[in-house]
Structures are given as structure tokens and as C-alpha cells.
Amino acid sequence: MKIALQGLFPEELQALCQAAGQPAFRGKQLWQWLQIQGATDWAQMGNLPRALKEKLAETHTPAPAKILKESGEPGGTRKWLVGLADGESVETVLIPARERNTVCVSTQVGCKMGCAFCASAKCGFARGLSAGEIVAQVQLVAVALGKRPDNVVYMGMGEPFDNYDETLRSVRILNHPDGLNIGARRITLSTSGVVPGIRRLAGEGLQVELSVSLHAPNPDLRRKLMPIENKYPMDELLRECADYTAKTKRHVTFEYTLVKGVNDSLRDAEELAGRLRRFPCRVNLIPLSPVDEFAGEAPPRPVLEAFLRALETRGVEGTLRESKGKGVDAACGQLRRRAQSGALPQKEDRPD
């Protein structure tokens, strides 16, 4: 595949233009088209010489991603099936809330982690995305919105820390002061619990938010829901999270999907609080979004609220979130899964 220009820093674009026999300032112009204007077509870049564009087009592309299908309604949560140049596809979601717009991006085509109630892994794993393909998702949403999104969360398809280098490169590009300039504290990296990735992130010097999927109050139950427990046990994971907080002075957010009759009892809440109150952190409680292959459902509202109260009375900060997947093909990965099964029409055109 051709290299996505959205994954290159300004100085790299300048070097690219110089290697093509053009002055360095052409690289700055190219950066402006890609990162400020959201250009995805060479024809849009009117102030770049034709010879330069033709030369760069041999090995690079400004269109690594293209919207194939949209679910949802304007003003509400919207999910896009995004096509990639090799015929693969991922999902990108826009989540509006009050005055803020949050983009949820994917970092891999499929996922290796195999979490029980996640649709992303049901179609298997293909590959990691390049930084340019990740950044391009944000740019597509920015064009659809007509403005820069306020927040970016790496909670779409894939495990970000299983694609660490490209993920971090994309974070730095999105955070670049001469680009979209999305504040580091408005960027959230989510992991299913890849301990080496948490350790590496602690040394990056970035003020990003870290979110860790836990989904169970103890190792035995977590192992049934999340196979990663076999590789990175909960006790090791929580120690690493405590070290991360001590080193970065930033709290970790734990994601906890509540499943009726599985992990939603008051005893579960008490056990969870006992493990987490050792260091400053917060818990996002999320009612389950139904997945065809997982026989579970969300608990009723009173149970959700009781679980939250049980955490808070034991000194653990919590937030009860609404599932944002309802009405837009539900859980992460399901829009792509339906497309693969032929349940959705797909456009024939693909990114160049």
C-alpha cells in the first residue's frame, strides 16, 4: 500500500518534498492541506506544483481512508464504516455530548484480545493501522462536522498497545500545535490491560488520559471475560496502574461493563472497591451493549445505580455512563461485522 501522508510530521513532509526536488516550504503547504484543510485529493491542493503531486503520488496517498457506510442520525451518535486502501475496513464513531464532540477511533483491523462481549474480535485480526490511517479517521469526522472535534478516544476496534508505535505517532500528530492541536488531556488511550504498553506510556511525557478495561472484580471472573488475564494477571496490572499514577500524577480510569447476573452484584462492587481504593483512580460503569455471540444483557437501572453507590461509599470515584452504541449497530465491531456478512451494502469505490 502507498504511505498515508497524514501519518507524517511537518519536517518529514519537508524532507519528502526536498527529495522530490522541491523547496522545503512545499512540505509546510502539504501539511496545511492535510492537517488543517482535511484534503484527501491531490486536486484540492491548488498551490502545489503538478510535478510534485505526480511524484509523491507514486508512493504516497492523501486518501488512506474513505467512508463506506454511516449509521445514526445528525445531532446524535454517528458511526462510520471506514474503508482502507487494501479493502479492509474499520469503525469510527462520533459521540456528541453537550458542547463537546468526541471521536472514537480504531487502531487495528479486528482484534486479537477476544473479550467475550466485544464484536471486534469476532471477525478475526487482519493487521494494525498506520498512524496515517488513524489520523485520517479523525480528519474524516472533522470534515463531516465542519470543525475540529474536541476529544479523541482510542476505544474503537483493536488494542492500541498491540500497535503501540503507530498509535503514539498518531497521538503526537493529532496533538501537534500546527495541526488539529487537540490537547493531550483531551486524548484518551484505552487498553485491555497490556502491561508493557502502560509502562512505556508512563515514560512518554504525554499528559494523555489512560483507560484500562477491567470488567470484573477478581481474576477468576476476568479470565472468563477477558483472555488477556492469562498473560497479564489482574494483580500485576493493578500494580502497574498504581506505578503509572505515581510516575505521571494522572489518575487511571477503569472501564467496567456491567452484565446482568455476571458482574453486577453488591458483592462484586465491594470486591472491586477493595482492589481499587489502594491508589487514586476512577471507574466508568457501562451497561452492556448487546452482541449476538454473547448471551448477556444490561442490568436494570436500579442495579446500576446501586453498584455505583456501593463503590462511592467505599471511597472509589465512579461514573455511570449510558451506552452510546444503541441505534448505531450497537457494540464496537458490529457495523463491520454486518458488512462482512453482506447485511450492509458497500460502495465499490475505495481510497486511492
# chains A, B, ... in the order shown; residues from 1 in each chain; ligands from 1
call {"tool": "select_by_dssp", "arguments": {"residues": "stretch 5-174 of chain A", "states": "helix (DSSP H, G or I)", "output": "VMD selection string"}}
result
chain A and resid 5 to 7 10 to 19 25 to 36 42 to 44 50 to 56 120 to 123 131 to 145 160 to 174
call {"tool": "residues_around", "arguments": {"residues": "A:Asn151", "least_positions_apart": "4", "cutoff": "7 Å", "atoms": "only C-alpha atoms", "output": "list in words"}}
result
Asn101, Thr102, Val103, Arg186 and Ile187 of chain A
call {"tool": "residues_around", "arguments": {"residues": "A:Trp42", "least_positions_apart": "4", "cutoff": "12 Å", "atoms": "only C-alpha atoms", "output": "CSV table (one decimal) with C-alpha atoms, in the first residue's frame"}}
result
chain,number,residue,atom,x,y,z
A,5,LEU,CA,0.6,11.4,4.2
A,30,LEU,CA,1.3,20.0,2.2
A,33,TRP,CA,-3.7,20.9,3.2
A,34,LEU,CA,-3.7,17.6,5.1
A,38,GLY,CA,-8.5,17.9,5.7
A,46,GLY,CA,-4.0,24.1,-5.8
A,47,ASN,CA,-0.8,25.7,-4.7
A,48,LEU,CA,1.4,22.6,-5.1
A,49,PRO,CA,3.2,22.1,-8.4
A,50,ARG,CA,1.7,19.3,-10.6
A,51,ALA,CA,5.1,17.7,-10.9
A,52,LEU,CA,5.4,17.4,-7.2
A,53,LYS,CA,2.0,15.9,-6.8
A,54,GLU,CA,2.6,13.4,-9.5
A,55,LYS,CA,6.0,12.4,-8.0
A,56,LEU,CA,4.5,12.0,-4.5
A,57,ALA,CA,1.5,10.0,-5.8
A,60,HIS,CA,2.2,8.3,-1.1
A,61,THR,CA,-1.6,9.0,-0.8
A,62,PRO,CA,-3.7,11.7,0.8
A,63,ALA,CA,-6.7,9.4,0.9
A,352,ASP,CA,-6.6,5.6,-3.7
call {"tool": "select_by_dssp", "arguments": {"residues": "stretch 44-174 of chain A", "states": "strand (DSSP E)", "output": "MDAnalysis selection string"}}
result
chainID A and resid 60:61 65:72 78:84 89:97 100:104 108:109 127:128 151:154
call {"tool": "closest_residue", "arguments": {"among": "A:Phe161, A:Trp80, A:Phe279, A:Tyr256", "to": "A:Thr319", "atoms": "only C-alpha atoms"}}
result
A:Tyr256
